[in-house]
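The file upload.txt contains compact mmCIF, C-alpha atoms:
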```txt
# COMPACT_ATOMS: atom_id res chain seq x y z
CA MET A 1 99.45 -91.35 40.15
CA ARG A 2 100.68 -90.32 36.75
CA GLY A 3 102.91 -87.31 36.35
CA ASP A 4 102.77 -84.62 33.71
CA ASP A 5 105.03 -86.59 31.38
CA GLY A 6 102.72 -89.58 31.51
CA GLU A 7 99.70 -87.42 30.81
CA GLU A 8 101.49 -85.77 27.89
CA GLU A 9 102.38 -89.17 26.46
CA ASP A 10 98.78 -90.29 26.79
CA GLY A 11 97.67 -87.10 25.09
CA GLU A 12 100.06 -87.57 22.20
CA GLU A 13 99.05 -91.18 21.79
CA ARG A 14 95.39 -90.22 21.75
CA PHE A 15 96.05 -87.43 19.27
CA ARG A 16 97.98 -89.73 16.94
CA ALA A 17 95.05 -92.13 16.95
CA LEU A 18 92.64 -89.26 16.35
CA PHE A 19 94.76 -88.04 13.44
CA ALA A 20 95.11 -91.49 11.87
CA ALA A 21 91.39 -92.15 12.07
CA ASN A 22 90.12 -88.79 10.88
CA TYR A 23 92.71 -86.91 8.84
CA GLU A 24 91.50 -88.27 5.51
CA HIS A 25 87.91 -87.33 6.35
CA VAL A 26 88.82 -83.77 7.31
CA LEU A 27 91.03 -83.46 4.23
CA ARG A 28 88.14 -84.51 1.99
CA PHE A 29 85.74 -82.26 3.87
CA ALA A 30 88.01 -79.31 3.11
CA ALA A 31 88.78 -80.40 -0.46
CA ARG A 32 85.07 -80.51 -1.28
CA ARG A 33 84.73 -76.89 -0.26
CA VAL A 34 87.96 -75.16 -1.25
CA GLY A 35 89.63 -77.62 -3.60
CA PRO A 36 92.65 -79.81 -3.03
CA GLU A 37 95.24 -77.05 -3.26
CA THR A 38 94.37 -75.53 0.12
CA ALA A 39 92.63 -78.48 1.74
CA GLY A 40 95.87 -79.60 3.38
CA ASP A 41 96.26 -76.25 5.12
CA VAL A 42 92.70 -76.37 6.39
CA ALA A 43 93.13 -79.92 7.67
CA SER A 44 96.40 -79.01 9.38
CA GLU A 45 94.83 -76.01 11.08
CA THR A 46 91.91 -78.13 12.17
CA PHE A 47 94.10 -80.73 13.81
CA LEU A 48 96.32 -78.05 15.32
CA VAL A 49 93.24 -76.73 17.11
CA ALA A 50 92.42 -80.29 18.17
CA TRP A 51 95.94 -80.74 19.50
CA ARG A 52 95.69 -77.55 21.51
CA ARG A 53 92.20 -78.35 22.79
CA LEU A 54 92.54 -82.08 23.09
CA ALA A 55 90.65 -82.10 26.37
CA GLN A 56 87.61 -80.75 24.52
CA VAL A 57 87.63 -83.32 21.73
CA PRO A 58 84.85 -85.84 22.43
CA GLU A 59 86.13 -89.32 23.14
CA ALA A 60 82.89 -91.16 22.40
CA GLU A 61 82.93 -93.08 19.16
CA GLY A 62 81.49 -91.11 16.29
CA GLU A 63 81.56 -87.76 18.09
CA ALA A 64 85.13 -86.70 17.34
CA LEU A 65 84.63 -86.35 13.59
CA PRO A 66 81.68 -83.92 13.81
CA TRP A 67 83.71 -81.92 16.31
CA LEU A 68 86.61 -81.79 13.84
CA TYR A 69 84.26 -80.88 11.00
CA ALA A 70 82.91 -78.02 13.09
CA VAL A 71 86.45 -76.72 13.62
CA ALA A 72 87.22 -77.12 9.92
CA ARG A 73 84.02 -75.28 9.08
CA ARG A 74 85.08 -72.33 11.24
CA THR A 75 88.54 -72.40 9.71
CA LEU A 76 87.02 -72.34 6.25
CA ALA A 77 84.68 -69.54 7.25
CA ASN A 78 87.62 -67.47 8.41
CA GLN A 79 89.38 -68.11 5.15
CA GLN A 80 86.41 -67.36 2.99
CA ARG A 81 84.95 -64.43 4.88
CA GLY A 82 84.78 -61.42 2.67
CA GLU A 83 84.88 -63.46 -0.51
CA GLN A 84 82.00 -64.08 -2.83
CA ARG A 85 81.25 -67.42 -1.29
CA GLY A 86 78.42 -68.37 -3.58
CA GLU A 87 80.45 -67.65 -6.68
CA ARG A 88 83.46 -69.36 -5.21
CA LEU A 89 81.67 -72.60 -4.46
CA THR A 90 79.90 -72.54 -7.78
CA ALA A 91 83.25 -72.13 -9.46
CA LYS A 92 84.77 -74.93 -7.41
CA ILE A 93 82.12 -77.49 -8.02
CA GLY A 94 81.85 -76.50 -11.64
CA SER A 95 85.60 -76.54 -12.21
CA ALA A 96 87.72 -79.12 -13.91
CA THR A 97 87.82 -81.37 -10.88
CA PRO A 98 87.98 -84.92 -12.25
CA LEU A 99 84.56 -86.49 -12.26
CA PRO A 100 84.34 -89.95 -10.75
CA VAL A 101 82.80 -91.56 -13.80
CA GLY A 102 83.92 -94.00 -16.46
CA PRO A 103 83.73 -93.75 -20.24
CA ASP A 104 80.44 -95.60 -20.60
CA HIS A 105 78.31 -93.46 -18.34
CA ALA A 106 77.29 -90.49 -20.41
CA GLY A 107 74.04 -90.30 -18.49
CA ASP A 108 75.96 -90.15 -15.19
CA VAL A 109 78.14 -87.35 -16.50
CA VAL A 110 75.15 -85.30 -17.47
CA GLY A 111 73.54 -86.08 -14.14
CA VAL A 112 76.64 -84.94 -12.28
CA LEU A 113 76.68 -81.71 -14.23
CA HIS A 114 73.04 -81.14 -13.44
CA VAL A 115 73.61 -81.72 -9.76
CA ARG A 116 76.58 -79.37 -9.61
CA GLN A 117 74.74 -76.75 -11.59
CA ALA A 118 71.73 -77.06 -9.31
CA LEU A 119 73.90 -76.83 -6.18
CA GLY A 120 75.42 -73.66 -7.53
CA THR A 121 72.02 -71.98 -7.61
CA LEU A 122 71.17 -72.72 -3.98
CA SER A 123 71.86 -70.56 -0.96
CA ALA A 124 75.01 -71.17 1.05
CA ARG A 125 72.95 -72.62 3.89
CA ASP A 126 71.10 -75.02 1.63
CA ARG A 127 74.35 -76.14 0.03
CA GLU A 128 75.99 -76.69 3.38
CA THR A 129 73.03 -78.69 4.62
CA LEU A 130 73.01 -80.88 1.55
CA LEU A 131 76.76 -81.40 1.32
CA LEU A 132 77.07 -82.46 4.95
CA VAL A 133 74.61 -85.24 4.23
CA GLY A 134 75.26 -86.03 0.59
CA TRP A 135 79.02 -85.76 0.40
CA ASP A 136 80.27 -85.93 3.97
CA GLY A 137 77.88 -88.73 4.83
CA LEU A 138 76.66 -87.34 8.14
CA ASP A 139 73.33 -88.15 9.73
CA VAL A 140 71.08 -85.49 11.19
CA ALA A 141 72.58 -85.61 14.67
CA ALA A 142 76.19 -85.30 13.50
CA ALA A 143 75.40 -82.62 10.93
CA ALA A 144 73.51 -80.63 13.55
CA GLN A 145 76.57 -80.81 15.76
CA VAL A 146 78.77 -79.49 12.96
CA VAL A 147 76.65 -76.43 12.24
CA GLY A 148 75.73 -75.87 15.86
CA CYS A 149 71.98 -76.26 15.79
CA SER A 150 69.45 -78.72 17.18
CA ARG A 151 68.62 -81.96 15.38
CA ARG A 152 65.09 -80.78 14.78
CA THR A 153 66.32 -77.54 13.24
CA PHE A 154 68.72 -79.39 10.98
CA ALA A 155 66.02 -81.83 9.92
CA VAL A 156 63.80 -78.91 8.93
CA ARG A 157 66.68 -77.35 7.00
CA LEU A 158 67.26 -80.66 5.28
CA HIS A 159 63.66 -81.01 4.15
CA ARG A 160 63.59 -77.47 2.77
CA ALA A 161 66.98 -77.79 1.09
CA ARG A 162 65.97 -81.07 -0.45
CA ARG A 163 62.86 -79.47 -1.98
CA ARG A 164 64.84 -76.57 -3.37
CA LEU A 165 67.41 -79.01 -4.77
CA GLU A 166 64.66 -80.90 -6.54
CA ARG A 167 63.32 -77.70 -8.04
CA ALA A 168 66.80 -76.60 -9.10
CA LEU A 169 67.49 -79.99 -10.65
CA GLY A 170 64.27 -79.78 -12.60
CA ALA A 171 65.25 -76.35 -13.88
CA ALA A 172 68.73 -77.55 -14.80
CA ARG A 173 67.33 -80.44 -16.82
CA THR A 174 64.85 -78.18 -18.55
CA ASP A 175 67.63 -75.77 -19.49
CA GLU A 176 69.75 -78.63 -20.79
CA GLU A 177 66.98 -80.04 -22.93
CA ALA A 178 66.19 -76.62 -24.37
CA ARG A 179 69.81 -75.97 -25.33
CA PRO A 180 70.71 -76.85 -28.96
CA GLY A 181 73.43 -79.49 -29.24
CA ALA A 182 73.22 -80.40 -25.58
CA GLY A 183 73.69 -84.10 -26.25
CA THR A 184 76.79 -83.41 -28.31
CA ALA A 185 78.33 -81.42 -25.48
CA ALA A 186 77.72 -84.22 -23.02
CA LEU A 187 79.33 -86.75 -25.31
CA ALA A 188 82.31 -84.48 -25.89
CA LEU A 189 82.82 -84.23 -22.16
CA LYS A 190 82.55 -87.98 -21.92
CA GLY A 191 85.27 -88.33 -24.50
CA ARG A 192 87.64 -86.08 -22.54
CA GLN A 193 87.00 -88.01 -19.37
CA ALA A 194 87.94 -91.21 -21.16
CA MET B 1 53.29 -88.13 14.10
CA ARG B 2 56.84 -88.23 15.38
CA GLY B 3 57.39 -91.55 13.64
CA GLN B 4 56.15 -90.02 10.42
CA ARG B 5 58.60 -87.15 10.74
CA THR B 6 61.45 -89.58 11.37
CA GLU B 7 60.48 -91.54 8.30
CA GLN B 8 60.37 -88.38 6.21
CA THR B 9 63.80 -87.39 7.46
CA GLN B 10 65.23 -90.80 6.61
CA GLU B 11 63.73 -90.52 3.17
CA ALA B 12 65.24 -87.07 2.72
CA LEU B 13 68.65 -88.33 3.85
CA ALA B 14 68.48 -91.20 1.39
CA TYR B 15 67.38 -88.93 -1.46
CA VAL B 16 70.15 -86.41 -0.86
CA ARG B 17 72.81 -89.09 -0.61
CA ARG B 18 71.55 -90.83 -3.71
CA THR B 19 71.38 -87.60 -5.69
CA LEU B 20 74.55 -85.88 -4.55
CA GLY B 21 76.79 -88.88 -4.06
CA PRO B 22 77.80 -89.36 -7.69
CA ALA B 23 78.65 -85.64 -7.95
CA ASP B 24 81.15 -85.75 -5.08
CA PRO B 25 84.30 -84.21 -6.60
CA VAL B 26 86.66 -85.85 -4.13
CA CYS B 27 87.83 -89.41 -4.50
CA GLU B 28 88.52 -91.74 -1.62
CA ASP B 29 92.06 -91.63 -0.27
CA ALA B 30 92.05 -93.91 2.70
CA ASP B 31 95.79 -93.57 3.33
CA ALA B 32 95.93 -89.78 3.42
CA ALA B 33 97.33 -89.79 6.95
CA ARG B 34 100.19 -92.00 5.81
CA THR B 35 101.22 -89.96 2.81
CA PRO B 36 104.32 -87.77 3.13
CA GLU B 37 102.04 -84.74 3.36
CA GLY B 38 99.99 -86.35 6.09
CA ARG B 39 103.02 -87.41 8.08
CA ALA B 40 104.56 -83.96 7.71
CA ALA B 41 101.34 -82.35 8.91
CA LEU B 42 101.29 -84.60 11.97
CA ALA B 43 104.93 -83.83 12.75
CA ARG B 44 104.35 -80.09 12.47
CA ILE B 45 101.38 -80.25 14.81
CA LEU B 46 103.14 -82.38 17.40
CA ALA B 47 106.04 -79.94 17.34
CA GLU B 48 103.64 -77.35 18.71
CA PRO B 49 103.00 -77.27 22.46
CA ALA B 50 99.95 -79.21 23.51
CA GLY B 51 97.28 -76.91 24.82
CA GLY B 52 94.65 -78.56 26.93
CA GLU B 53 92.60 -75.64 28.14
CA ARG B 54 95.55 -73.29 27.89
CA ARG B 55 96.09 -70.71 25.26
CA PRO B 56 98.73 -71.65 22.74
CA ARG B 57 102.21 -70.65 23.75
CA THR B 58 102.76 -68.86 20.48
CA THR B 59 100.94 -65.98 22.09
CA ARG B 60 101.43 -64.50 25.47
CA ARG B 61 98.07 -62.97 26.24
CA ARG B 62 97.30 -65.44 29.01
CA TRP B 63 100.03 -64.22 31.25
CA ILE B 64 100.48 -60.62 30.36
CA VAL B 65 100.02 -57.46 32.26
CA VAL B 66 99.50 -54.62 29.86
CA VAL B 67 99.92 -50.94 30.41
CA THR B 68 98.58 -48.77 27.66
CA ALA B 69 99.53 -45.16 27.92
CA MET B 70 100.69 -42.59 25.48
CA VAL B 71 103.27 -40.80 27.57
CA THR B 72 105.08 -38.01 25.83
CA LEU B 73 108.72 -38.01 26.77
CA ALA B 74 110.05 -34.99 24.99
CA GLY B 75 113.73 -34.94 24.31
CA VAL B 76 114.68 -38.06 26.18
CA THR B 77 115.48 -40.31 23.29
CA ALA B 78 119.18 -40.27 23.97
CA VAL B 79 119.29 -39.98 27.71
CA ALA B 80 121.67 -42.53 29.12
CA ASP B 81 120.94 -44.36 32.34
CA ALA B 82 122.82 -46.84 34.47
CA THR B 83 123.07 -49.25 31.59
CA GLY B 84 124.77 -46.57 29.57
CA VAL B 85 122.81 -47.15 26.39
CA LEU B 86 119.10 -47.43 27.06
CA PRO B 87 116.86 -44.43 26.57
CA SER B 88 115.11 -43.66 29.81
CA GLY B 89 111.71 -43.95 28.13
CA VAL B 90 112.55 -47.52 27.22
CA ILE B 91 113.54 -48.29 30.78
CA GLU B 92 110.27 -46.93 32.07
CA GLY B 93 108.34 -48.72 29.36
CA LEU B 94 109.93 -52.08 30.04
CA THR B 95 109.63 -51.89 33.81
CA ARG B 96 106.21 -50.31 34.33
CA ALA B 97 104.13 -53.42 33.60
CA GLY B 98 104.29 -56.57 35.62
CA ALA B 99 107.48 -56.14 37.60
CA ASP B 100 105.61 -56.91 40.81
CA ASP B 101 104.04 -60.04 39.36
CA PHE B 102 106.81 -61.49 37.25
CA GLY B 103 110.03 -60.36 38.86
CA GLU B 104 112.71 -57.90 37.96
CA VAL B 105 113.29 -56.98 34.35
CA ASP B 106 116.83 -57.64 33.19
CA LEU B 107 117.60 -54.36 31.49
CA LYS B 108 121.13 -55.47 30.66
CA LYS B 109 119.57 -57.80 28.12
CA ALA B 110 117.14 -55.24 26.76
CA ARG B 111 117.26 -54.81 23.01
CA MET B 112 115.31 -53.31 20.20
CA LEU B 113 113.71 -56.09 18.17
CA VAL B 114 112.37 -54.20 15.20
CA GLU B 115 111.60 -50.69 14.04
CA GLY B 116 109.86 -49.20 11.04
CA PRO B 117 108.05 -46.14 9.69
CA THR B 118 104.45 -45.62 10.72
CA PRO B 119 101.77 -44.40 8.29
CA ASP B 120 101.76 -41.00 10.01
CA GLY B 121 105.46 -40.41 9.50
CA ARG B 122 106.89 -41.47 12.83
CA THR B 123 109.20 -44.38 13.57
CA MET B 124 107.93 -47.21 15.72
CA GLN B 125 110.26 -49.36 17.79
CA VAL B 126 109.58 -52.59 19.64
CA TRP B 127 111.82 -53.29 22.63
CA HIS B 128 112.14 -56.44 24.69
CA ALA B 129 113.80 -57.50 27.92
CA PRO B 130 113.53 -60.80 29.83
CA ASN B 131 112.20 -60.86 33.38
CA ALA B 132 113.00 -63.02 36.38
CA SER B 133 110.10 -65.41 35.79
CA GLY B 134 111.59 -66.57 32.49
CA GLY B 135 109.09 -64.49 30.57
CA GLY B 136 109.69 -60.97 29.42
CA CYS B 137 108.42 -57.51 28.72
CA LEU B 138 107.72 -55.74 25.46
CA HIS B 139 107.47 -52.01 25.01
CA THR B 140 106.52 -50.07 21.91
CA ARG B 141 107.52 -46.45 21.37
CA TYR B 142 107.27 -43.86 18.65
CA LEU B 143 109.90 -41.37 17.55
CA THR B 144 109.24 -38.19 15.62
CA ASP B 145 111.64 -36.32 13.38
CA ASP B 146 112.29 -33.67 16.02
CA GLY B 147 113.54 -36.22 18.50
CA THR B 148 110.40 -36.51 20.56
CA ALA B 149 109.67 -39.97 21.89
CA GLN B 150 106.21 -41.17 22.70
CA GLY B 151 105.79 -44.24 24.82
CA GLY B 152 103.18 -46.70 23.63
CA ASP B 153 102.08 -50.00 25.08
CA SER B 154 103.95 -52.14 27.56
CA GLU B 155 103.23 -55.72 28.41
CA CYS B 156 104.91 -58.36 30.51
CA TRP B 157 104.23 -62.05 30.85
CA ASN B 158 105.04 -64.88 33.17
CA GLY B 159 107.56 -67.35 31.83
CA GLU B 160 106.02 -70.27 33.67
CA GLY B 161 104.55 -72.57 31.06
CA ALA B 162 105.63 -70.38 28.18
CA ASP B 163 108.53 -70.72 25.81
CA PRO B 164 111.02 -67.86 25.64
CA LEU B 165 110.40 -65.67 22.62
CA ASP B 166 113.57 -66.77 20.89
CA ARG B 167 112.42 -70.40 21.02
CA MET B 168 108.98 -69.79 19.58
CA ARG B 169 108.46 -70.63 15.96
CA LEU B 170 106.04 -67.77 15.66
CA TRP B 171 104.85 -65.03 17.96
CA SER B 172 103.13 -61.74 17.44
CA GLY B 173 101.83 -58.71 19.23
CA GLY B 174 100.06 -55.56 18.28
CA GLY B 175 97.34 -53.09 18.95
CA GLY B 176 95.39 -50.19 17.61
CA GLY B 177 97.58 -47.34 18.77
CA THR B 178 98.42 -45.76 15.44
CA HIS B 179 95.61 -43.46 14.31
CA GLY B 180 93.26 -45.74 12.48
CA TYR B 181 95.83 -48.41 11.75
CA TYR B 182 96.22 -51.71 13.54
CA THR B 183 99.83 -52.54 14.33
CA THR B 184 101.15 -56.07 14.09
CA TYR B 185 104.68 -57.08 14.92
CA GLY B 186 106.42 -60.30 15.80
CA HIS B 187 108.93 -62.89 14.77
CA ALA B 188 108.97 -66.14 12.83
CA ALA B 189 111.83 -68.63 12.95
CA LYS B 190 113.58 -70.02 9.90
CA PRO B 191 112.79 -71.27 7.35
CA ALA B 192 110.04 -68.65 7.37
CA VAL B 193 110.67 -65.62 5.19
CA ALA B 194 107.27 -63.97 5.48
CA VAL B 195 104.05 -64.02 7.45
CA ARG B 196 100.53 -63.97 6.11
CA ILE B 197 97.93 -62.22 8.25
CA THR B 198 94.31 -63.23 7.74
CA TRP B 199 91.96 -60.65 9.24
CA PRO B 200 88.48 -61.35 10.59
CA ASP B 201 86.98 -59.73 7.49
CA GLY B 202 88.78 -62.30 5.35
CA ALA B 203 91.39 -59.92 4.01
CA ARG B 204 94.89 -61.28 3.75
CA GLU B 205 98.22 -59.55 3.61
CA THR B 206 101.71 -60.92 3.38
CA VAL B 207 104.59 -59.22 5.15
CA GLN B 208 108.23 -59.99 4.51
CA LEU B 209 110.47 -60.70 7.50
CA ASN B 210 113.61 -58.65 8.01
CA ALA B 211 117.02 -60.28 8.11
CA ASN B 212 116.51 -61.27 11.75
CA GLY B 213 113.11 -62.78 11.22
CA TYR B 214 111.03 -59.87 12.59
CA PHE B 215 108.09 -58.11 11.00
CA LEU B 216 106.21 -54.89 11.65
CA THR B 217 103.21 -53.76 9.69
CA PHE B 218 100.27 -51.37 9.89
CA SER B 219 96.87 -52.32 8.52
CA ARG B 220 93.52 -50.70 8.01
CA HIS B 221 91.74 -53.91 8.94
CA SER B 222 90.17 -54.44 12.33
CA VAL B 223 90.07 -57.19 14.89
CA MET B 224 86.55 -56.17 15.88
CA GLY B 225 83.66 -58.11 14.43
CA PRO B 226 80.45 -56.61 13.05
CA ASN B 227 78.84 -56.74 16.48
CA GLY B 228 81.76 -55.20 18.28
CA GLU B 229 83.20 -58.44 19.55
CA PHE B 230 86.90 -59.24 19.41
CA GLU B 231 87.85 -61.69 16.71
CA TYR B 232 91.16 -63.42 16.30
CA ARG B 233 93.44 -62.99 13.37
CA THR B 234 95.36 -65.89 11.94
CA ILE B 235 99.05 -65.43 11.29
CA ASP B 236 100.87 -68.00 9.20
CA ALA B 237 104.62 -68.15 8.81
CA LEU B 238 105.57 -68.95 5.22
CA ASP B 239 108.73 -70.50 3.86
CA PRO B 240 110.31 -69.41 0.55
CA ASP B 241 107.91 -71.71 -1.33
CA GLY B 242 104.90 -70.11 0.31
CA LYS B 243 104.18 -73.12 2.46
CA THR B 244 102.91 -72.62 6.00
CA VAL B 245 105.58 -73.67 8.50
CA ALA B 246 103.91 -72.31 11.64
CA SER B 247 100.50 -70.94 12.36
CA ASP B 248 98.80 -68.98 15.08
CA PRO B 249 95.02 -68.94 14.66
CA TYR B 250 94.60 -66.87 17.83
CA ALA B 251 96.68 -63.83 17.01
```

In structure tokens, write the structure found in this file.
Amino acid sequence: MRGDDGEEEDGEERFRALFAANYEHVLRFAARRVGPETAGDVASETFLVAWRRLAQVPEAEGEALPWLYAVARRTLANQQRGEQRGERLTAKIGSATPLPVGPDHAGDVVGVLHVRQALGTLSARDRETLLLVGWDGLDVAAAAQVVGCSRRTFAVRLHRARRRLERALGAARTDEEARPGAGTAALALKGRQA
Amino acid sequence: MRGQRTEQTQEALAYVRRTLGPADPVCEDADAARTPEGRAALARILAEPAGGERRPRTTRRRWIVVVTAMVTLAGVTAVADATGVLPSGVIEGLTRAGADDFGEVDLKKARMLVEGPTPDGRTMQVWHAPNASGGGCLHTRYLTDDGTAQGGDSECWNGEGADPLDRMRLWSGGGGGTHGYYTTYGHAAKPAVAVRITWPDGARETVQLNANGYFLTFSRHSVMGPNGEFEYRTIDALDPDGKTVASDPYA
């Protein structure tokens, strides 16, 4: 029979493995939503909760990360409550965050801008639904676990959010085409990225 | 039909990933856990007590017995007792909660942790004494200009499984006993110089620690959610650079 010390050592070993496997994912999850400057704090708080509730963290492969994302989501909600969340996210994703594009992809740059602009026009729920899939790479089951709903409900949300994203993207492209000098602006941005 | 829905969902997943993927503002950083920041974060977390199903030891609510009573003790602020220095109201306040459960309160070690002016012009004091279980008792009291003392809350906790207050990196207490204001007091160990309180409504306030590491503040914010349910505050201890050195998300 193992004593308390043995159990504590097992717990620490398990937590270290959990941290090593998932810290980067939680950090990116937070950075996508609040920017890199406070993402570290969110990730630390998330793992602190995991450390204190280690018995509740699922051990099955692939289930721990959605659990951690759900904790991070609550941590973020606590941080952001009372703020103008829509404006904040719009500002974040439209900010000067370096775009992952090279100098010869002007079309990609414009596409990225369209996507971010379109995301900024969607509701918080639609954005969350889309980002969990599009940026965090979750499937329906894992994303449903993060937001605390059934798979079927999340799938419905995904379909609706996808349609609204398509409409918003269409509107963003129309606005861009109608704007004088739009191509020049895109090329200027491309030059700065280079 | 079900197969068709599954196919549509897979198509939606693929579309969203294809469309949003290039706009992801965050680059891959596969070694984040091994960076100095990652290692420091891990060390900070492991320095905290593991929880299991228990409440974190940075708070004491799990073990406490609380007595909330506003007892007016006119003119007793300077009454000496067997210890020679303790006001009798403090003795009553420290001993009235939990003595039966957690053992005798050691009044010889009683001391005032922090005091400060309340929004309504009184002075609030927070007193502490250890008890036989290894835990302790806290008592809050209010003093008016005319020497009247009003006893506030008292709470005691079992020391079993809990760190003594002076070994905690961060602890806090508080309540709503000050006419529309929520009181928060506590202590943060060095290198903390301030605490940041994040309220359920998202509001944040930063409170400087006194020279001994204690804080006492009164806020208009509430710990009650929109539906009347209790919601936790988060209290972060901040070092001189504003970095979080200890955190209690269940304050």

request  = Output as an NGL selection string the set of chain B residues within 8 Å of chain A, with distances taken over only C-alpha atoms.
outcome  = :B and (9 or 12-13 or 16-27 or 29-34 or 38 or 41-42 or 45-46 or 49-56 or 198 or 200-203 or 244 or 247 or 249)

inquiry  = Under the rule that all atoms listed in the file are counted, which of A:Glu59, A:Ala141, A:Gly148, A:Leu18 is the nearest residue to Arg73 in chain A?
reply    =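 Once distances to Arg73 in chain A are computed over all atoms listed in the file, the minimum belongs to A:Gly148.
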
message = Between CA of Asn212 in chain B and CA of Arg141 in chain B, what is the distance in Å, rounded to a tenth?
response = 19.8 Å

query = Interatomic distance between CA of Gly213 in chain B and CA of Ala194 in chain B?
reply = 8.3 Å

ask   = So how many Å separate CA of Thr217 in chain B and CA of Ala39 in chain A, to one decimal?
value =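 Separation of CA of Thr217 in chain B and CA of Ala39 in chain A: 28.0 Å.
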
inquiry  = I'd like to know which of B:Tyr181, B:Val90, B:Arg220, B:Ala189 is closest to Tyr142 in chain B, using all atoms listed in the file.
reply    =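 Going through B:Tyr181, B:Val90, B:Arg220, B:Ala189 one by one, the smallest distance to Tyr142 in chain B is for B:Val90.
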
Among listed residues B:Asp146, B:Asn131, B:Met168, B:Val114, nearest Asn210 in chain B (using all atoms listed in the file) = B:Val114

inquiry  = Could you list, as a ChimeraX atom specification, every residue within 12 Å of Arg111 in chain B, counting only C-alpha atoms and ignoring same-chain residues fewer than 6 positions away?
reply    = /B:83,85-87,90-91,94,125-130,136-140

Distance criterion (all atoms listed in the file): nearest to Asp236 in chain B out of B:Asp248, B:Glu7, B:Glu205, B:Glu37 =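 Of all the options, B:Asp248 lies closest to Asp236 in chain B.
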